[in-house]
Amino acid sequence: MPDRPRVFVTRNLPGDALGLLRQTCEVAVWPDQLPPSPDDLRREAATTHGLLTLLTDHIDATLLAAAPNLIAVSNMATGYDNIDVADASRRLVLVSRTPGVLTETSADLAFGLLLAAARRIAEGDRYVRAGNWRTWGPEIMLGPDVHGATLGIIGLGRIGAAVARRAAGFGMRVLYHGRSRNTQAEKEVGAAYADLDALLAQSDFVSIHAALTDDTRGLIAARQFGLMKPSAILINTARGPLVDHDALYEALRSGEIAGAALDVTDPEPLPADSPLLALDNVVITPHIASASIATRSEMARLAADNLLTSLAGAVNDNAVNTEIAGDWRAAAAARLHS
Ligand code: DGY
């Protein structure tokens, strides 16, 4: 039996997360800025009991098959579409994530992107730096008002509801669509439930906060853009593949919608020759919605905590495949001895 569980962390982490892990585990950390390649990850996973991963690490069936001692994967993200959870469950590997701690920070960025796209903030900055600012002009850089406009939120979970609260502060009318009703947000900010087509047709801004699943991939595609107002602005801070990017480009280019603000793209990073980069009516940031100093430290700490709880043989509160708990405990105990 190893004295201490072996843990592999796929990137250096902010805050005290690594220190926490090192108190009870043998910890190896991938030293580069870029993620480990699938081969590197497989090699490290082959001998490890716990993996602390990021959304850039693909934990697929091939990786899991090469990790016979693996007890738990702790993803430092609220989304976990980078992990084949069904296969992890088959192999009795507990998967966990870091919800909650990034809610307000992510909502700040979503609302910031909404403002940036509407009020042409990034475009204005480029205009000034390019030396084009020659005078104050009555028709320069006009955009739609945010206050008083209608915001359609797709996915009124924790982050969607936090965006709705910000919208209420701007006097916006909030519509939402999701798998289930959020009666608390309905009461708190007067959000009204709508079916997706009606939400798209009525909203001045559409902000996506849904999880990426087989059902939601390509949720916003050519037909959906066709329903939106020509003045509408789409904001996506959830996952890139929720939006069909060819259709998005066409909608932005042709004026079918007025603009977009994306913190997530498909693929990530966006290739340098992506046609989206040539458009002025799209604002793009590099998947930084949760990137405040405090929140990233808190996400790292929670991911470490989830992993340590799992390695101690207990199902942590943020596990996503709790249905395997019974068989998993026995398998985890056996794997710790190998
Ligand atoms: C998440 O947590 O899923 C975000 O996309 C990264 O913060």
# chains A, B, ... in the order shown; residues from 1 in each chain; ligands from 1
call {"tool": "closest_atom_pairs", "arguments": {"of": "chain A", "to": "ligand 1", "cutoff": "10 Å", "atoms": "only C-alpha atoms and all ligand atoms", "output": "CSV"}}
result
residue,atom,partner,partner_atom_place_in_ligand_line,distance
A:Leu54,CA,ligand 1,6 (C),8.5
A:Leu55,CA,ligand 1,3 (O),7.0
A:Thr56,CA,ligand 1,6 (C),9.9
A:Asn75,CA,ligand 1,2 (O),8.6
A:Met76,CA,ligand 1,2 (O),6.7
A:Ala77,CA,ligand 1,2 (O),3.2
A:Thr78,CA,ligand 1,2 (O),3.7
A:Gly79,CA,ligand 1,3 (O),3.6
A:Tyr80,CA,ligand 1,3 (O),6.8
A:Asp81,CA,ligand 1,3 (O),8.6
A:Asn82,CA,ligand 1,3 (O),9.7
A:Arg97,CA,ligand 1,2 (O),8.1
A:Thr98,CA,ligand 1,2 (O),6.8
A:Pro99,CA,ligand 1,2 (O),7.1
A:Gly100,CA,ligand 1,2 (O),9.4
A:Val101,CA,ligand 1,2 (O),9.2
A:Leu102,CA,ligand 1,7 (O),6.9
A:Thr103,CA,ligand 1,2 (O),9.0
A:Thr105,CA,ligand 1,7 (O),9.2
A:Ser106,CA,ligand 1,7 (O),7.4
A:Ala211,CA,ligand 1,3 (O),8.6
A:Leu212,CA,ligand 1,3 (O),9.8
A:Thr237,CA,ligand 1,5 (O),7.4
A:Ala238,CA,ligand 1,5 (O),6.1
A:Arg239,CA,ligand 1,5 (O),6.9
A:Gly240,CA,ligand 1,5 (O),9.8
A:Asp263,CA,ligand 1,5 (O),8.9
A:Val264,CA,ligand 1,5 (O),7.9
A:His287,CA,ligand 1,5 (O),6.8
A:Ile288,CA,ligand 1,7 (O),6.9
A:Ala289,CA,ligand 1,7 (O),6.0
A:Ser290,CA,ligand 1,7 (O),4.5
A:Ala291,CA,ligand 1,7 (O),7.0
A:Ser292,CA,ligand 1,7 (O),9.9
A:Thr295,CA,ligand 1,7 (O),9.0
A:Arg296,CA,ligand 1,7 (O),7.9
A:Met299,CA,ligand 1,2 (O),8.3
call {"tool": "closest_atom_pairs", "arguments": {"of": "range 197-294 of chain A", "to": "range 173-180 of chain A", "cutoff": "10 Å", "atoms": "only C-alpha atoms", "output": "Markdown table"}}
result
| residue | atom | partner | partner_atom | distance |
| --- | --- | --- | --- | --- |
| A:Asp197 | CA | A:His177 | CA | 9.5 |
| A:Ala198 | CA | A:Leu175 | CA | 9.3 |
| A:Leu199 | CA | A:Leu175 | CA | 6.4 |
| A:Leu200 | CA | A:Leu175 | CA | 9.5 |
| A:Gln202 | CA | A:Leu175 | CA | 8.7 |
| A:Ser203 | CA | A:Leu175 | CA | 7.7 |
| A:Asp204 | CA | A:Arg173 | CA | 9.9 |
| A:Phe205 | CA | A:Val174 | CA | 9.7 |
| A:Val206 | CA | A:Leu175 | CA | 9.3 |
| A:Ser207 | CA | A:Tyr176 | CA | 9.4 |
| A:Ile208 | CA | A:His177 | CA | 9.8 |
| A:His209 | CA | A:Gly178 | CA | 9.3 |
| A:Ala210 | CA | A:Gly178 | CA | 7.8 |
call {"tool": "write_last_selection", "arguments": {"atoms": "N, CA and C atoms", "output": "short mmCIF file (atom, residue, chain, number, x, y, z; two decimals), in the first residue's frame"}}
result
data_model
loop_
_atom_site.label_atom_id
_atom_site.label_comp_id
_atom_site.auth_asym_id
_atom_site.auth_seq_id
_atom_site.Cartn_x
_atom_site.Cartn_y
_atom_site.Cartn_z
N ASP A 197 -38.28 29.65 -28.72
CA ASP A 197 -38.54 30.45 -29.92
C ASP A 197 -39.08 31.83 -29.55
N ALA A 198 -39.99 31.85 -28.57
CA ALA A 198 -40.58 33.14 -28.16
C ALA A 198 -39.51 34.02 -27.52
N LEU A 199 -38.66 33.40 -26.70
CA LEU A 199 -37.57 34.17 -26.06
C LEU A 199 -36.67 34.79 -27.13
N LEU A 200 -36.31 34.00 -28.13
CA LEU A 200 -35.41 34.50 -29.18
C LEU A 200 -36.07 35.64 -29.95
N GLN A 202 -38.34 37.75 -28.91
CA GLN A 202 -38.69 38.96 -28.15
C GLN A 202 -37.49 39.66 -27.51
N SER A 203 -36.34 39.00 -27.45
CA SER A 203 -35.23 39.55 -26.65
C SER A 203 -34.35 40.50 -27.45
N ASP A 204 -33.90 41.54 -26.76
CA ASP A 204 -32.89 42.44 -27.36
C ASP A 204 -31.49 41.87 -27.13
N PHE A 205 -31.34 41.15 -26.02
CA PHE A 205 -30.07 40.47 -25.69
C PHE A 205 -30.42 39.04 -25.32
N VAL A 206 -29.61 38.10 -25.78
CA VAL A 206 -29.82 36.70 -25.42
C VAL A 206 -28.52 36.20 -24.80
N SER A 207 -28.59 35.75 -23.56
CA SER A 207 -27.38 35.32 -22.87
C SER A 207 -27.51 33.83 -22.54
N ILE A 208 -26.48 33.05 -22.94
CA ILE A 208 -26.57 31.59 -22.79
C ILE A 208 -25.85 31.14 -21.52
N HIS A 209 -26.57 30.35 -20.71
CA HIS A 209 -25.99 29.81 -19.46
C HIS A 209 -26.37 28.34 -19.28
N ALA A 210 -26.46 27.62 -20.39
CA ALA A 210 -26.85 26.21 -20.33
C ALA A 210 -25.60 25.34 -20.30
#
call {"tool": "select_by_dssp", "arguments": {"residues": "range 35-250 of chain A", "states": "strand (DSSP E or B)", "output": "ChimeraX atom specification"}}
result
/A:50-53,59,72-75,83,94-96,150-154,173-177,192-193,205-208,220,233-236,243
call {"tool": "closest_residue", "arguments": {"among": "A:Asp317, A:Asp305, A:Glu323, A:Asp87", "to": "Leu21 in chain A", "atoms": "only C-alpha atoms"}}
result
A:Asp305
call {"tool": "atom_distance", "arguments": {"atom1": "CA of Leu248 in chain A", "atom2": "CA of Arg181 in chain A"}}
result
27.8 Å
call {"tool": "residues_around", "arguments": {"residues": "Pro35 in chain A", "least_positions_apart": "4", "cutoff": "12 Å", "atoms": "only C-alpha atoms", "output": "ChimeraX atom specification"}}
result
/A:9-12,29-31,39-41,53-58
call {"tool": "decode", "arguments": {"residues": "range 161-236 of chain A", "atoms": "C-alpha atoms", "output": "PDB file, in the first residue's frame"}}
result
ATOM      1  CA  ALA A 161     -29.994  33.862 -12.104  1.00  0.00           C
ATOM      2  CA  ALA A 162     -27.025  36.026 -11.059  1.00  0.00           C
ATOM      3  CA  VAL A 163     -27.095  37.646 -14.516  1.00  0.00           C
ATOM      4  CA  ALA A 164     -30.842  38.198 -14.098  1.00  0.00           C
ATOM      5  CA  ARG A 165     -30.203  40.041 -10.813  1.00  0.00           C
ATOM      6  CA  ARG A 166     -27.756  42.348 -12.585  1.00  0.00           C
ATOM      7  CA  ALA A 167     -30.285  42.911 -15.362  1.00  0.00           C
ATOM      8  CA  ALA A 168     -32.912  43.875 -12.775  1.00  0.00           C
ATOM      9  CA  GLY A 169     -30.542  46.605 -11.584  1.00  0.00           C
ATOM     10  CA  PHE A 170     -30.518  47.975 -15.119  1.00  0.00           C
ATOM     11  CA  GLY A 171     -34.322  47.995 -15.276  1.00  0.00           C
ATOM     12  CA  MET A 172     -34.362  45.231 -17.880  1.00  0.00           C
ATOM     13  CA  ARG A 173     -37.255  42.873 -18.530  1.00  0.00           C
ATOM     14  CA  VAL A 174     -36.034  39.313 -18.113  1.00  0.00           C
ATOM     15  CA  LEU A 175     -37.317  36.286 -20.017  1.00  0.00           C
ATOM     16  CA  TYR A 176     -35.824  32.857 -19.478  1.00  0.00           C
ATOM     17  CA  HIS A 177     -35.895  29.385 -20.900  1.00  0.00           C
ATOM     18  CA  GLY A 178     -34.548  26.201 -19.377  1.00  0.00           C
ATOM     19  CA  ARG A 179     -35.191  22.580 -18.561  1.00  0.00           C
ATOM     20  CA  SER A 180     -37.073  23.577 -15.454  1.00  0.00           C
ATOM     21  CA  ARG A 181     -38.777  26.595 -13.933  1.00  0.00           C
ATOM     22  CA  ASN A 182     -36.814  28.736 -11.466  1.00  0.00           C
ATOM     23  CA  THR A 183     -39.638  30.055  -9.305  1.00  0.00           C
ATOM     24  CA  GLN A 184     -37.221  31.788  -6.930  1.00  0.00           C
ATOM     25  CA  ALA A 185     -35.758  33.910  -9.752  1.00  0.00           C
ATOM     26  CA  GLU A 186     -39.249  34.492 -11.086  1.00  0.00           C
ATOM     27  CA  LYS A 187     -40.124  36.061  -7.728  1.00  0.00           C
ATOM     28  CA  GLU A 188     -36.790  37.768  -7.084  1.00  0.00           C
ATOM     29  CA  VAL A 189     -36.321  39.569 -10.422  1.00  0.00           C
ATOM     30  CA  GLY A 190     -39.671  39.067 -12.107  1.00  0.00           C
ATOM     31  CA  ALA A 191     -38.146  36.721 -14.707  1.00  0.00           C
ATOM     32  CA  ALA A 192     -40.836  35.277 -16.992  1.00  0.00           C
ATOM     33  CA  TYR A 193     -40.605  31.786 -18.458  1.00  0.00           C
ATOM     34  CA  ALA A 194     -40.859  31.561 -22.251  1.00  0.00           C
ATOM     35  CA  ASP A 195     -40.374  28.825 -24.791  1.00  0.00           C
ATOM     36  CA  LEU A 196     -37.109  29.159 -26.650  1.00  0.00           C
ATOM     37  CA  ASP A 197     -38.535  30.447 -29.923  1.00  0.00           C
ATOM     38  CA  ALA A 198     -40.582  33.140 -28.156  1.00  0.00           C
ATOM     39  CA  LEU A 199     -37.566  34.171 -26.063  1.00  0.00           C
ATOM     40  CA  LEU A 200     -35.407  34.502 -29.177  1.00  0.00           C
ATOM     41  CA  ALA A 201     -38.057  36.515 -31.004  1.00  0.00           C
ATOM     42  CA  GLN A 202     -38.689  38.961 -28.148  1.00  0.00           C
ATOM     43  CA  SER A 203     -35.232  39.548 -26.650  1.00  0.00           C
ATOM     44  CA  ASP A 204     -32.888  42.440 -27.356  1.00  0.00           C
ATOM     45  CA  PHE A 205     -30.075  40.471 -25.695  1.00  0.00           C
ATOM     46  CA  VAL A 206     -29.816  36.700 -25.424  1.00  0.00           C
ATOM     47  CA  SER A 207     -27.376  35.315 -22.867  1.00  0.00           C
ATOM     48  CA  ILE A 208     -26.567  31.590 -22.794  1.00  0.00           C
ATOM     49  CA  HIS A 209     -25.992  29.810 -19.462  1.00  0.00           C
ATOM     50  CA  ALA A 210     -26.852  26.206 -20.334  1.00  0.00           C
ATOM     51  CA  ALA A 211     -24.652  23.169 -19.833  1.00  0.00           C
ATOM     52  CA  LEU A 212     -23.188  21.531 -22.939  1.00  0.00           C
ATOM     53  CA  THR A 213     -24.753  18.104 -23.457  1.00  0.00           C
ATOM     54  CA  ASP A 214     -25.714  16.010 -26.485  1.00  0.00           C
ATOM     55  CA  ASP A 215     -29.107  17.741 -26.328  1.00  0.00           C
ATOM     56  CA  THR A 216     -27.811  21.316 -26.215  1.00  0.00           C
ATOM     57  CA  ARG A 217     -24.943  21.083 -28.746  1.00  0.00           C
ATOM     58  CA  GLY A 218     -25.797  23.494 -31.601  1.00  0.00           C
ATOM     59  CA  LEU A 219     -28.777  24.869 -29.624  1.00  0.00           C
ATOM     60  CA  ILE A 220     -28.427  28.209 -31.393  1.00  0.00           C
ATOM     61  CA  ALA A 221     -28.074  27.603 -35.128  1.00  0.00           C
ATOM     62  CA  ALA A 222     -29.379  29.072 -38.404  1.00  0.00           C
ATOM     63  CA  ARG A 223     -33.080  28.602 -37.583  1.00  0.00           C
ATOM     64  CA  GLN A 224     -32.689  30.253 -34.178  1.00  0.00           C
ATOM     65  CA  PHE A 225     -30.776  33.226 -35.617  1.00  0.00           C
ATOM     66  CA  GLY A 226     -33.630  33.595 -38.089  1.00  0.00           C
ATOM     67  CA  LEU A 227     -36.028  34.100 -35.183  1.00  0.00           C
ATOM     68  CA  MET A 228     -33.962  36.802 -33.483  1.00  0.00           C
ATOM     69  CA  LYS A 229     -34.415  40.552 -33.934  1.00  0.00           C
ATOM     70  CA  PRO A 230     -31.997  42.194 -36.418  1.00  0.00           C
ATOM     71  CA  SER A 231     -31.016  44.439 -33.483  1.00  0.00           C
ATOM     72  CA  ALA A 232     -30.339  41.501 -31.125  1.00  0.00           C
ATOM     73  CA  ILE A 233     -27.019  40.747 -29.452  1.00  0.00           C
ATOM     74  CA  LEU A 234     -26.018  37.210 -28.434  1.00  0.00           C
ATOM     75  CA  ILE A 235     -23.814  36.664 -25.382  1.00  0.00           C
ATOM     76  CA  ASN A 236     -22.226  33.255 -24.755  1.00  0.00           C
TER      77      ASN A 236
END
